[in-house]
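*Asks:* What follows is input.cif, made up of mmCIF, C-alpha atoms:
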data_structure
loop_
_atom_site.label_atom_id
_atom_site.label_comp_id
_atom_site.auth_asym_id
_atom_site.auth_seq_id
_atom_site.Cartn_x
_atom_site.Cartn_y
_atom_site.Cartn_z
CA MET A 1 8.11 20.29 7.53
CA PRO A 2 11.83 19.38 7.81
CA THR A 3 13.25 17.00 5.22
CA LEU A 4 16.27 14.74 5.19
CA ARG A 5 17.98 12.69 2.51
CA THR A 6 19.32 9.20 3.09
CA PRO A 7 20.28 6.09 1.14
CA ALA A 8 17.76 3.33 1.90
CA LEU A 9 16.92 -0.26 1.10
CA VAL A 10 13.27 -1.20 0.57
CA LEU A 11 12.39 -4.04 2.96
CA ARG A 12 8.68 -4.35 2.33
CA ALA A 13 5.58 -2.45 1.26
CA TYR A 14 1.90 -2.43 2.19
CA ASP A 15 -0.89 -1.02 0.05
CA PHE A 16 -2.51 1.89 1.81
CA SER A 17 -5.54 3.98 0.87
CA GLU A 18 -6.54 4.32 -2.81
CA ALA A 19 -3.14 4.53 -4.51
CA ASP A 20 -0.59 4.94 -1.70
CA ARG A 21 1.86 2.55 -0.12
CA VAL A 22 3.53 2.37 3.27
CA ILE A 23 7.14 1.40 2.66
CA VAL A 24 9.39 -0.10 5.34
CA LEU A 25 12.91 1.19 4.70
CA PHE A 26 16.27 0.26 6.13
CA THR A 27 18.14 3.54 5.93
CA GLN A 28 21.82 4.26 6.37
CA THR A 29 21.30 7.15 8.76
CA LEU A 30 18.11 6.34 10.70
CA GLY A 31 17.97 2.55 10.67
CA LYS A 32 14.56 1.00 10.05
CA VAL A 33 11.80 3.55 9.41
CA LYS A 34 8.41 3.65 7.69
CA GLY A 35 7.38 6.13 5.04
CA VAL A 36 4.23 6.72 3.05
CA ALA A 37 4.59 7.14 -0.70
CA LYS A 38 1.54 9.03 -1.99
CA GLY A 39 0.06 7.89 -5.28
CA VAL A 40 2.88 5.41 -5.88
CA ARG A 41 0.56 2.68 -7.18
CA ARG A 42 -0.38 4.83 -10.18
CA THR A 43 1.59 4.03 -13.32
CA ALA A 44 2.58 7.68 -13.73
CA SER A 45 4.12 8.01 -10.26
CA ARG A 46 7.78 9.05 -10.39
CA LEU A 47 8.48 7.29 -7.10
CA ASN A 48 7.35 4.00 -8.59
CA GLY A 49 10.70 2.94 -9.99
CA CYS A 50 12.79 3.56 -6.89
CA LEU A 51 10.57 1.88 -4.28
CA GLY A 52 10.63 -1.67 -5.59
CA TRP A 53 11.32 -4.40 -3.04
CA LEU A 54 15.08 -4.82 -2.36
CA SER A 55 16.02 -1.71 -4.33
CA ARG A 56 18.55 0.82 -3.07
CA ALA A 57 17.57 4.46 -3.48
CA GLU A 58 18.50 7.92 -2.26
CA LEU A 59 15.26 9.15 -0.70
CA GLN A 60 14.01 12.44 0.59
CA LEU A 61 11.89 11.96 3.70
CA ALA A 62 9.67 14.69 5.11
CA GLY A 63 9.19 14.63 8.85
CA ARG A 64 11.06 14.95 12.11
CA GLU A 65 13.84 12.45 12.85
CA ASN A 66 11.88 10.41 15.40
CA GLN A 67 8.60 10.48 13.48
CA ASP A 68 6.67 7.19 13.18
CA LEU A 69 5.66 7.66 9.57
CA PHE A 70 7.65 9.85 7.17
CA ARG A 71 6.36 11.08 3.87
CA ILE A 72 8.57 9.99 0.97
CA THR A 73 8.67 13.05 -1.23
CA GLN A 74 11.48 12.35 -3.72
CA GLY A 75 13.67 9.47 -4.71
CA GLN A 76 16.52 8.55 -6.99
CA LEU A 77 17.13 4.88 -7.73
CA LEU A 78 20.74 3.95 -6.98
CA GLN A 79 20.62 0.21 -7.71
CA SER A 80 17.74 -2.12 -8.53
CA TYR A 81 19.85 -5.35 -8.54
CA PRO A 82 18.16 -6.70 -11.69
CA HIS A 83 20.21 -9.91 -11.93
CA LEU A 84 19.44 -10.82 -8.32
CA LYS A 85 15.74 -10.49 -9.05
CA GLU A 86 16.02 -12.91 -11.98
CA ASN A 87 17.74 -15.53 -9.85
CA LEU A 88 15.23 -17.38 -7.64
CA PRO A 89 17.72 -19.00 -5.20
CA ALA A 90 19.41 -15.61 -4.68
CA LEU A 91 16.00 -13.97 -4.25
CA GLY A 92 15.13 -16.62 -1.64
CA ARG A 93 18.25 -15.74 0.38
CA ALA A 94 17.68 -12.00 -0.10
CA ALA A 95 14.11 -12.45 1.20
CA ARG A 96 15.55 -14.01 4.39
CA MET A 97 17.86 -11.01 4.70
CA ALA A 98 14.97 -8.56 4.33
CA GLU A 99 12.94 -10.45 6.95
CA LEU A 100 15.86 -10.45 9.40
CA LEU A 101 16.36 -6.69 8.97
CA PHE A 102 12.62 -6.16 9.33
CA SER A 103 12.10 -8.43 12.33
CA LEU A 104 15.30 -8.23 14.37
CA THR A 105 16.16 -4.52 14.19
CA HIS A 106 14.35 -1.74 16.02
CA ASP A 107 12.80 1.37 14.46
CA HIS A 108 15.03 4.46 14.49
CA GLN A 109 18.14 2.52 15.54
CA PRO A 110 20.93 3.59 13.16
CA LEU A 111 23.00 0.55 12.14
CA PRO A 112 25.34 1.81 9.39
CA GLU A 113 27.54 -1.30 9.57
CA ILE A 114 24.53 -3.60 9.02
CA PHE A 115 23.37 -1.33 6.20
CA GLU A 116 26.76 -1.81 4.54
CA LEU A 117 26.55 -5.60 5.07
CA ALA A 118 23.13 -5.71 3.42
CA GLU A 119 24.28 -3.50 0.55
CA THR A 120 27.36 -5.68 -0.03
CA SER A 121 25.29 -8.87 0.05
CA LEU A 122 22.81 -7.52 -2.51
CA SER A 123 25.70 -6.51 -4.80
CA LEU A 124 27.30 -9.95 -4.46
CA TRP A 125 24.03 -11.74 -5.27
CA ASP A 126 23.53 -9.41 -8.20
CA ALA A 127 27.04 -10.24 -9.44
CA GLY A 128 26.18 -13.95 -9.44
CA THR A 129 28.13 -15.08 -6.33
CA ASP A 130 26.87 -18.38 -4.83
CA PRO A 131 23.55 -17.36 -3.16
CA ASN A 132 24.02 -19.73 -0.22
CA MET A 133 27.56 -18.55 0.50
CA VAL A 134 26.52 -14.88 0.50
CA GLY A 135 23.36 -15.61 2.52
CA THR A 136 25.31 -17.60 5.10
CA TRP A 137 27.94 -14.87 5.34
CA PHE A 138 25.30 -12.14 5.77
CA GLU A 139 23.35 -14.03 8.42
CA TRP A 140 26.42 -14.97 10.45
CA MET A 141 27.82 -11.41 10.26
CA PHE A 142 24.40 -9.94 11.06
CA LEU A 143 24.06 -12.12 14.18
CA ASP A 144 27.60 -11.11 15.18
CA ARG A 145 27.05 -7.36 14.76
CA MET A 146 23.67 -7.53 16.53
CA GLY A 147 25.26 -9.38 19.46
CA TYR A 148 23.32 -12.62 18.83
CA ARG A 149 26.24 -14.77 17.63
CA PRO A 150 27.16 -17.56 20.05
CA GLN A 151 30.85 -18.36 20.51
CA VAL A 152 31.71 -21.54 18.60
CA GLU A 153 35.39 -21.83 19.54
CA VAL A 154 35.44 -23.88 22.77
CA CYS A 155 33.05 -25.85 25.00
CA GLN A 156 31.15 -23.40 27.19
CA GLN A 157 31.37 -25.80 30.15
CA CYS A 158 34.95 -27.18 30.20
CA GLY A 159 36.70 -24.77 27.79
CA ASN A 160 38.11 -27.61 25.64
CA ASP A 161 38.26 -27.56 21.84
CA THR A 162 37.39 -31.04 20.53
CA GLU A 163 36.52 -32.47 17.11
CA HIS A 164 32.73 -32.69 17.53
CA MET A 165 30.74 -30.16 19.49
CA SER A 166 27.00 -29.46 19.64
CA TYR A 167 25.10 -26.18 19.78
CA HIS A 168 22.26 -26.08 22.31
CA PRO A 169 19.65 -23.36 21.72
CA GLU A 170 18.54 -23.25 25.36
CA THR A 171 22.03 -22.28 26.57
CA ASP A 172 22.96 -20.49 23.32
CA GLY A 173 26.41 -22.05 23.27
CA ILE A 174 28.39 -25.13 22.26
CA THR A 175 29.41 -28.05 24.44
CA CYS A 176 31.72 -31.00 23.85
CA ARG A 177 30.49 -34.60 23.93
CA ALA A 178 32.16 -35.25 27.29
CA CYS A 179 30.15 -32.47 28.97
CA ARG A 180 26.88 -33.14 27.16
CA PRO A 181 26.80 -36.32 25.09
CA HIS A 182 23.26 -36.05 23.65
CA GLY A 183 21.14 -33.59 21.71
CA GLY A 184 21.90 -30.23 20.10
CA ILE A 185 23.07 -29.34 16.60
CA VAL A 186 26.31 -31.08 15.69
CA LEU A 187 29.09 -28.75 14.55
CA SER A 188 32.25 -30.43 13.28
CA ALA A 189 35.69 -28.83 13.68
CA GLY A 190 35.64 -28.03 9.93
CA THR A 191 32.29 -26.27 10.20
CA ARG A 192 33.44 -24.21 13.18
CA LYS A 193 36.62 -23.29 11.30
CA MET A 194 34.48 -22.14 8.37
CA LEU A 195 32.28 -20.04 10.68
CA ASN A 196 35.36 -18.30 12.05
CA LYS A 197 36.67 -17.83 8.52
CA LEU A 198 33.39 -16.18 7.51
CA ILE A 199 33.71 -13.61 10.30
CA ALA A 200 37.29 -12.80 9.30
CA SER A 201 36.75 -12.82 5.52
CA HIS A 202 36.56 -9.70 3.43
CA PRO A 203 33.46 -9.91 1.21
CA THR A 204 35.61 -9.82 -1.92
CA LEU A 205 36.97 -13.24 -0.90
CA LEU A 206 33.50 -14.85 -0.70
CA PRO A 207 33.43 -16.01 -4.35
CA SER A 208 36.57 -18.06 -3.65
CA LEU A 209 35.19 -19.78 -0.53
CA ARG A 210 33.45 -23.16 -0.84
CA LEU A 211 31.01 -24.70 1.62
CA GLY A 212 30.91 -28.50 1.69
CA GLU A 213 27.48 -30.14 1.81
CA ASP A 214 27.86 -31.20 5.47
CA ALA A 215 29.13 -27.80 6.57
CA GLN A 216 26.30 -26.08 4.65
CA THR A 217 23.68 -28.27 6.35
CA GLN A 218 25.19 -27.82 9.82
CA ILE A 219 25.56 -24.03 9.44
CA GLN A 220 22.05 -23.63 8.03
CA THR A 221 20.54 -25.64 10.90
CA LEU A 222 22.57 -23.54 13.37
CA LEU A 223 21.48 -20.24 11.80
CA ASP A 224 17.82 -21.30 11.70
CA SER A 225 17.99 -22.33 15.34
CA ILE A 226 19.60 -19.07 16.54
CA ILE A 227 17.15 -16.99 14.52
CA ARG A 228 14.16 -18.97 15.81
CA ASN A 229 15.49 -18.54 19.33
CA HIS A 230 15.63 -14.74 19.07
CA LEU A 231 12.59 -14.25 16.87
CA GLY A 232 10.34 -16.72 18.69
CA ARG A 233 9.29 -18.30 15.37
CA PRO A 234 10.85 -19.55 12.14
CA LEU A 235 11.33 -17.06 9.30
CA LYS A 236 8.23 -16.70 7.12
CA SER A 237 10.39 -16.52 4.02
CA ASP A 238 11.61 -20.09 4.62
CA SER A 239 8.73 -21.66 2.66
CA PHE A 240 9.56 -19.50 -0.37
CA GLN A 241 13.24 -20.32 -0.12
CA ARG A 242 12.54 -24.04 0.15
CA ALA A 243 10.17 -23.91 -2.83
CA VAL A 244 12.69 -22.18 -5.10
CA CYS A 245 15.52 -24.47 -3.94
CA ASP A 246 13.42 -27.53 -4.84
CA LEU A 247 13.17 -26.35 -8.46
CA LYS A 248 15.59 -27.98 -10.85
CA MET B 1 -15.92 12.38 21.98
CA ASP B 2 -17.94 9.80 20.04
CA TYR B 3 -20.63 11.76 18.15
CA PHE B 4 -22.09 8.74 16.42
CA SER B 5 -23.39 5.93 18.58
CA GLY B 6 -26.21 3.39 18.36
CA ILE B 7 -27.54 2.34 14.94
CA LEU B 8 -25.92 5.21 13.03
CA GLY B 9 -22.54 4.60 14.71
CA ARG B 10 -22.72 0.92 13.76
CA LEU B 11 -23.56 1.75 10.14
CA ILE B 12 -20.58 4.15 9.96
CA ASP B 13 -18.29 1.54 11.55
CA GLU B 14 -19.40 -1.14 9.06
CA LEU B 15 -18.97 1.16 6.06
CA GLY B 16 -15.59 2.24 7.40
CA ARG B 17 -14.31 -1.34 7.20
CA MET B 18 -14.36 -1.21 3.42
CA PRO B 19 -11.10 -0.62 1.56
CA GLY B 20 -10.41 2.99 0.70
CA ILE B 21 -13.20 4.24 2.99
CA GLY B 22 -12.00 6.41 5.86
CA PRO B 23 -14.16 7.72 8.73
CA LYS B 24 -15.25 10.87 6.81
CA ALA B 25 -16.20 8.92 3.69
CA ALA B 26 -18.07 6.38 5.87
CA GLN B 27 -20.07 9.22 7.44
CA ARG B 28 -20.90 10.68 4.00
CA LEU B 29 -22.10 7.28 2.76
CA ALA B 30 -24.16 6.69 5.90
CA PHE B 31 -25.91 10.07 5.56
CA PHE B 32 -26.46 9.41 1.86
CA LEU B 33 -28.17 6.10 2.68
CA LEU B 34 -30.34 7.74 5.32
CA ARG B 35 -31.56 10.28 2.77
CA GLN B 36 -32.62 7.57 0.29
CA ASP B 37 -36.05 5.89 0.04
CA ALA B 38 -36.29 2.60 1.91
CA ALA B 39 -36.72 0.79 -1.43
CA VAL B 40 -33.39 2.08 -2.75
CA VAL B 41 -31.55 0.99 0.39
CA GLN B 42 -33.33 -2.37 0.26
CA GLN B 43 -32.19 -2.80 -3.36
CA LEU B 44 -28.59 -2.11 -2.35
CA ALA B 45 -28.78 -4.53 0.57
CA ASN B 46 -30.32 -7.20 -1.69
CA ALA B 47 -27.64 -6.71 -4.34
CA MET B 48 -24.91 -7.14 -1.72
CA LEU B 49 -26.49 -10.24 -0.21
CA GLU B 50 -27.19 -11.78 -3.59
CA ALA B 51 -23.65 -11.14 -4.80
CA LYS B 52 -22.24 -12.69 -1.64
CA ALA B 53 -24.53 -15.72 -1.90
CA LYS B 54 -24.24 -16.43 -5.62
CA ILE B 55 -20.78 -15.33 -6.73
CA ARG B 56 -18.20 -18.08 -6.38
CA PRO B 57 -14.75 -18.71 -7.84
CA CYS B 58 -14.98 -20.43 -11.24
CA ALA B 59 -14.15 -24.13 -10.93
CA ASP B 60 -11.67 -23.87 -13.83
CA CYS B 61 -10.00 -20.46 -13.64
CA PHE B 62 -10.96 -19.01 -10.21
CA PHE B 63 -12.40 -15.85 -11.79
CA LEU B 64 -15.79 -14.76 -10.45
CA ALA B 65 -18.67 -16.98 -11.56
CA GLU B 66 -22.40 -17.00 -10.92
CA GLY B 67 -22.60 -20.72 -11.63
CA GLU B 68 -19.98 -23.42 -11.51
CA ARG B 69 -18.00 -21.91 -14.39
CA CYS B 70 -17.49 -18.24 -15.28
CA HIS B 71 -18.85 -16.65 -18.47
CA ILE B 72 -15.36 -16.62 -20.02
CA CYS B 73 -14.64 -20.33 -19.47
CA SER B 74 -18.16 -21.17 -20.72
CA ASP B 75 -17.79 -19.14 -23.92
CA PRO B 76 -17.02 -21.52 -26.86
CA ARG B 77 -15.70 -18.59 -28.96
CA ARG B 78 -12.73 -18.17 -26.62
CA ASP B 79 -9.37 -19.47 -27.82
CA ALA B 80 -8.52 -22.36 -25.45
CA ARG B 81 -4.94 -22.48 -26.74
CA LEU B 82 -4.12 -19.21 -24.96
CA LEU B 83 -4.09 -18.92 -21.19
CA CYS B 84 -3.41 -15.65 -19.39
CA VAL B 85 -2.27 -16.00 -15.77
CA VAL B 86 -3.20 -13.09 -13.51
CA GLU B 87 -2.87 -12.40 -9.78
CA ASP B 88 -6.36 -11.28 -8.92
CA PRO B 89 -9.91 -11.42 -10.38
CA LYS B 90 -9.69 -7.61 -10.80
CA ASP B 91 -6.89 -8.12 -13.32
CA VAL B 92 -9.24 -10.11 -15.58
CA PHE B 93 -11.44 -7.00 -15.88
CA SER B 94 -8.38 -4.91 -16.79
CA MET B 95 -7.39 -7.36 -19.52
CA GLU B 96 -10.96 -7.65 -20.82
CA ARG B 97 -11.24 -3.85 -21.12
CA THR B 98 -8.64 -3.96 -23.91
CA ARG B 99 -10.92 -6.20 -26.08
CA GLU B 100 -7.68 -7.51 -27.62
CA TYR B 101 -7.37 -10.76 -25.77
CA ARG B 102 -9.65 -13.67 -26.73
CA GLY B 103 -8.07 -16.51 -24.77
CA LEU B 104 -8.85 -17.93 -21.32
CA TYR B 105 -7.59 -16.93 -17.88
CA HIS B 106 -6.22 -18.48 -14.72
CA VAL B 107 -6.34 -16.46 -11.49
CA LEU B 108 -3.55 -17.31 -9.04
CA MET B 109 -5.25 -15.51 -6.12
CA GLY B 110 -2.04 -13.70 -5.18
CA THR B 111 1.69 -13.86 -5.83
CA LEU B 112 4.62 -15.45 -4.10
CA SER B 113 5.35 -13.16 -1.18
CA PRO B 114 8.24 -14.42 0.95
CA LEU B 115 7.84 -11.91 3.78
CA ASP B 116 4.15 -12.70 4.17
CA GLY B 117 4.93 -16.41 4.14
CA ILE B 118 2.99 -16.93 0.90
CA GLY B 119 4.56 -19.79 -0.98
CA PRO B 120 3.47 -21.82 -4.05
CA ASP B 121 1.11 -23.99 -1.98
CA ASP B 122 -0.93 -20.91 -1.04
CA LEU B 123 -1.63 -20.03 -4.69
CA LYS B 124 -3.62 -21.80 -7.40
CA ILE B 125 -0.44 -23.12 -9.02
CA ALA B 126 -1.20 -26.85 -8.64
CA GLU B 127 -4.61 -26.20 -10.30
CA LEU B 128 -2.86 -24.34 -13.12
CA LEU B 129 -0.49 -27.24 -13.77
CA LYS B 130 -3.41 -29.66 -13.76
CA ARG B 131 -5.15 -27.51 -16.39
CA LEU B 132 -2.03 -27.38 -18.53
CA GLN B 133 -1.58 -31.15 -18.35
CA ALA B 134 -4.99 -31.54 -20.02
CA GLY B 135 -3.09 -30.55 -23.16
CA HIS B 136 -5.11 -27.81 -24.95
CA VAL B 137 -2.96 -24.82 -23.98
CA GLN B 138 -0.13 -23.84 -26.33
CA GLU B 139 0.88 -20.51 -24.77
CA VAL B 140 0.75 -19.21 -21.21
CA ILE B 141 0.89 -15.41 -20.90
CA VAL B 142 2.10 -14.47 -17.42
CA ALA B 143 0.42 -11.16 -16.56
CA THR B 144 1.43 -10.79 -12.92
CA ASN B 145 2.36 -7.28 -11.72
CA GLN B 146 5.75 -5.88 -12.69
CA ASP B 147 7.02 -5.75 -9.12
CA VAL B 148 9.57 -8.12 -7.55
CA GLU B 149 6.89 -10.50 -6.22
CA GLY B 150 5.15 -10.56 -9.61
CA GLU B 151 8.44 -11.15 -11.41
CA ALA B 152 9.44 -13.91 -8.97
CA THR B 153 6.09 -15.60 -9.52
CA ALA B 154 6.59 -15.35 -13.29
CA LEU B 155 10.08 -16.87 -13.02
CA TYR B 156 8.76 -19.66 -10.82
CA LEU B 157 5.90 -20.46 -13.22
CA ASN B 158 8.30 -20.42 -16.16
CA LYS B 159 10.48 -23.05 -14.44
CA LEU B 160 7.42 -25.26 -13.88
CA ILE B 161 5.69 -24.79 -17.23
CA LYS B 162 8.62 -24.81 -19.71
CA PRO B 163 9.34 -28.54 -19.19
CA LEU B 164 5.73 -29.27 -20.27
CA GLY B 165 6.65 -27.99 -23.75
CA ILE B 166 4.30 -25.01 -23.52
CA ARG B 167 5.37 -21.53 -24.66
CA VAL B 168 5.59 -19.10 -21.73
CA THR B 169 5.45 -15.36 -22.43
CA ARG B 170 5.42 -12.30 -20.20
CA LEU B 171 3.56 -9.02 -20.73
CA ALA B 172 5.91 -6.35 -22.11
CA SER B 173 6.88 -3.49 -19.84
CA GLY B 174 8.00 0.03 -20.67
CA LEU B 175 6.66 3.54 -21.20
CA PRO B 176 2.92 4.03 -20.62
CA ALA B 177 0.81 5.32 -23.53
CA GLY B 178 0.93 9.13 -23.49
CA GLY B 179 3.87 9.03 -21.07
CA ASP B 180 6.64 11.62 -21.16
CA LEU B 181 10.19 10.22 -21.40
CA GLU B 182 11.45 13.05 -19.16
CA TYR B 183 9.33 11.85 -16.26
CA ALA B 184 9.94 8.12 -16.63
CA ASP B 185 12.13 6.39 -14.04
CA ASP B 186 15.39 4.58 -14.87
CA ILE B 187 13.99 1.03 -14.67
CA THR B 188 11.06 1.85 -16.95
CA ILE B 189 13.36 3.43 -19.54
CA SER B 190 15.84 0.54 -19.44
CA ARG B 191 13.00 -2.00 -19.80
CA ALA B 192 11.49 -0.01 -22.64
CA LEU B 193 14.91 0.06 -24.29
CA GLY B 194 15.35 -3.69 -23.77
CA GLY B 195 11.93 -4.40 -25.25
CA ARG B 196 12.22 -2.00 -28.24
CA ARG B 197 10.82 -3.20 -31.56
CA GLU B 198 11.42 -2.39 -35.17
CA LEU B 199 9.01 0.05 -36.82
CA GLU B 200 6.97 -1.53 -39.58
#
Here is a file; write its structure as C-alpha cells.
*Replies:*
Amino acid sequence: MPTLRTPALVLRAYDFSEADRVIVLFTQTLGKVKGVAKGVRRTASRLNGCLGWLSRAELQLAGRENQDLFRITQGQLLQSYPHLKENLPALGRAARMAELLFSLTHDHQPLPEIFELAETSLSLWDAGTDPNMVGTWFEWMFLDRMGYRPQVEVCQQCGNDTEHMSYHPETDGITCRACRPHGGIVLSAGTRKMLNKLIASHPTLLPSLRLGEDAQTQIQTLLDSIIRNHLGRPLKSDSFQRAVCDLK
Amino acid sequence: MDYFSGILGRLIDELGRMPGIGPKAAQRLAFFLLRQDAAVVQQLANAMLEAKAKIRPCADCFFLAEGERCHICSDPRRDARLLCVVEDPKDVFSMERTREYRGLYHVLMGTLSPLDGIGPDDLKIAELLKRLQAGHVQEVIVATNQDVEGEATALYLNKLIKPLGIRVTRLASGLPAGGDLEYADDITISRALGGRRELE
C-alpha cells in the first residue's frame, strides 16, 4: 500500500472498535482527511502522544491519495501547544477554529494557506497572545480565504461610506442607514477599520493590536452571523466557549 | 446476498449493535447461543433484563447502584474527606482495582467536549458542587483522562472548586509501569520529567 508523509493538525477523534480511533486531520498537503489509528487507546501505543486534539504532527498515512480512510502508521509530534491547553479561554477559541476547519472545509481539498493560518493561530495562543484577538483574526482571515467574507467597506446599495452601517445576513453585505434604516448588525466605522486592519496585518503584529469592547462585540456578532449563515447552525463549541469565558 | 434472515438474522443484528462486536463476532455469538441449553440462554436473558431494570445511577455519586445509593457511598468505612472525580462509571472499577484508594467517587458522565457541544450543563458538575458545599470533602482528586478534553475538564473544575477552599489534585502522568523509555512519546517523557520525585 502506498504511503505519504504530511504535517497535520488533529481536529477531532472518535473511538472505534476495541482500542482504535478514527482521527480527523487537517493536513498541509491533502486538506481534511480521516485516518484510523490502530490500538491508539492502549497506554503503550506509540501513536498516542502525537494524536492529541489540536496537536501538530508529521504523520505517515497508508493509502491512496483520494482514499476515504487512511491508516495512520507512524507519527512524530511536532508541537503539542501545552500552554494553549492550560488556558481555557484560548482553548475555547481554538475549539471554534477546529470546528470551522471540520465543518466548513471539504475532504481532500488542499488548503495550505488555511493550514498555515491555523498553525500560526495555535502558536500565538500557545505564546499567550490575547485569545480573542487571535480567534477574531483567524476567523476573519479564514472567511476571507474561503471566499465567505462579505465586503465591509461601502454600502452595497448606494456605494457610500458612512459612519454607521449594518450587516444583513440575508444579503450578506452591509448597507447604510439611508438605504436600510432598520435591522441588521451594527458596524461602526471604527469596527470596519479594525476588520480591514486585521486582513492587512501580519500575525506578528497581533499582540500589539487592541480590540475595544464595542468593536469586539460587533465583530463577534458579525462572525457568528456569517458562520451561522454558511453552516446552517451555530457552532457547537459556542456553549463551551461561553462557559469558560464566564469563569472568573 | 443476505444469508441470515428471520429470527437468526434478527439475533445477529441485535448482537451486532453492541460496542466492539462486528458482524463476524455477532454471528459467532449467535451460533454459540443456539448451541446452549434453553436454561442457559434464559439465565443470560434474565441477567440482562434484571440488570437493566434494577441498576440505576447512585443518587450521590452517579456510579452504578442496585438501590438508591451505590455500595461505595453506603460503606461507612470509606473516607468521606476524599472525593475522586471520574468521567465514566467504568473508571470507578479501574480505580477500585488498585485497592489503594479508600475515598468516595463522583462520576461526571463525560467530559467537556466543545466539538460535540458538551458543555458544563451536560455533565454532573452542578451535583458535584452541591456535594462539596455540604462541607465534608477536604480533597478532590480529578481523575479525568489525560487527553485535551480531560485536561480542560480538570482545569474547569479547579476554577470552580478552588474558591470553596478545597484542595484540588490531579492524577500524576508519566511512564507506565514496565514501560521502556525508548518507546515513550515526547509528551509522556516531558510529563514524567515534570512530575519526577526524589528517591527515598
*Asks:* Report as number ranges by chain the full result of the PyMOL selection byres ((chain B and resi 60) around 12) when it is applied to this structure.
*Replies:* B: 56-59, 61-65, 67-74, 83, 104-108, 124, 127-132, 134
*Asks:* I'd like to know which of A:Ile114, A:Gln218, A:Trp53, A:Ile226 is closest to Gly173 in chain A, using all atoms listed in the file.
*Replies:* A:Ile226
*Asks:* Using 6 Å as the limit and counting all atoms listed in the file, can you tabulate each residue of chain B that touches chain A, with its shortest atom-to-atom distance in Å and the two atoms involved, as a tab-separated table?
*Replies:*
residue	atom	partner	partner_atom	distance
B:Gly20	CA	A:Ser17	CA	5.0
B:Pro114	CA	A:Ser237	CA	4.3
B:Leu115	CA	A:Ser237	CA	5.3
B:Gly117	CA	A:Lys236	CA	4.5
B:Gly119	CA	A:Phe240	CA	5.0
B:Asp185	CA	A:Gly49	CA	5.5
*Asks:* Give me the result of the PyMOL selection byres ((chain A and resi 112) around 9) on this file, residue by residue, as a ChimeraX atom specification.
*Replies:* /A:27-31,110-111,113-117
*Asks:* Find the axis-aligned box for range 133-145 of chain B, covering all its listed atoms and adding 3 Å on each side, and write its centre and edge lengths in Å to one decimal as AutoDock Vina command-line options.
*Replies:*
--center_x -1.4 --center_y -19.4 --center_z -19.0 --size_x 13.5 --size_y 30.3 --size_z 20.6
*Asks:* For this file, the PyMOL selection byres ((chain B and resi 187-199) around 7) selects which residues, as an mmCIF file with C-alpha atoms, in the frame of the given file?
*Replies:*
data_model
loop_
_atom_site.group_PDB
_atom_site.id
_atom_site.type_symbol
_atom_site.label_atom_id
_atom_site.label_comp_id
_atom_site.auth_asym_id
_atom_site.auth_seq_id
_atom_site.Cartn_x
_atom_site.Cartn_y
_atom_site.Cartn_z
ATOM 1 C CA GLY A 49 10.700 2.940 -9.990
ATOM 2 C CA SER B 173 6.880 -3.490 -19.840
ATOM 3 C CA GLY B 174 8.000 0.030 -20.670
ATOM 4 C CA LEU B 175 6.660 3.540 -21.200
ATOM 5 C CA ALA B 184 9.940 8.120 -16.630
ATOM 6 C CA ASP B 185 12.130 6.390 -14.040
ATOM 7 C CA ASP B 186 15.390 4.580 -14.870
ATOM 8 C CA GLU B 200 6.970 -1.530 -39.580
#
*Asks:* Between B:Asn145, B:Asp37, B:Tyr101, B:Tyr3, which residue has the minimum interatomic distance to Glu87 in chain B, considering only C-alpha atoms?
*Replies:*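 Of the candidates, the smallest distance to Glu87 in chain B is held by B:Asn145.
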*Asks:* Extract, using only C-alpha atoms, all DNA, RNA and protein residues at most 12 Å from range 190-207 of chain A, discarding same-chain residues fewer than 4 positions from it, and format them as an MDAnalysis selection string.
*Replies:* chainID A and resid 116:125 127:145 149:155 161:167 174 185:186 211:223
*Asks:* What is the CA of Arg97 in chain B to CA of Gly22 in chain B distance in Å?
*Replies:* 28.9 Å
*Asks:* When distances are computed from all atoms listed in the file, which of A:Cys179, A:Cys245, A:Arg71, A:Pro2 shows the smallest separation from Arg93 in chain A?
*Replies:*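 Selected residue with least distance to Arg93 in chain A: A:Cys245.
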*Asks:* Expressed in Å to a single decimal, how great is the separation between CA of Asp75 in chain B and CA of Ile161 in chain B?
*Replies:* 25.1 Å
*Asks:* When you write range 117-139 of chain B out from the block above, keep C-alpha atoms and present the result as a short mmCIF file (atom, residue, chain, number, x, y, z; two decimals), in the first residue's frame, please.
*Replies:*
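Final output, saved to selection24.cif:
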data_model
loop_
_atom_site.label_atom_id
_atom_site.label_comp_id
_atom_site.auth_asym_id
_atom_site.auth_seq_id
_atom_site.Cartn_x
_atom_site.Cartn_y
_atom_site.Cartn_z
CA GLY B 117 -21.43 20.58 22.03
CA ILE B 118 -20.99 19.08 25.51
CA GLY B 119 -20.70 21.91 27.99
CA PRO B 120 -20.75 22.04 31.82
CA ASP B 121 -24.56 21.84 31.94
CA ASP B 122 -24.46 18.42 30.25
CA LEU B 123 -22.24 16.94 32.98
CA LYS B 124 -22.86 16.25 36.67
CA ILE B 125 -20.90 19.35 37.69
CA ALA B 126 -23.74 21.18 39.47
CA GLU B 127 -24.36 17.99 41.52
CA LEU B 128 -20.64 17.83 42.36
CA LEU B 129 -20.62 21.42 43.62
CA LYS B 130 -23.72 20.74 45.70
CA ARG B 131 -21.94 17.76 47.29
CA LEU B 132 -18.85 19.83 48.01
CA GLN B 133 -20.91 22.59 49.62
CA ALA B 134 -22.13 20.06 52.20
CA GLY B 135 -18.67 20.54 53.69
CA HIS B 136 -17.19 17.06 54.38
CA VAL B 137 -14.75 16.90 51.45
CA GLN B 138 -11.22 18.18 52.02
CA GLU B 139 -9.58 17.00 48.78
#
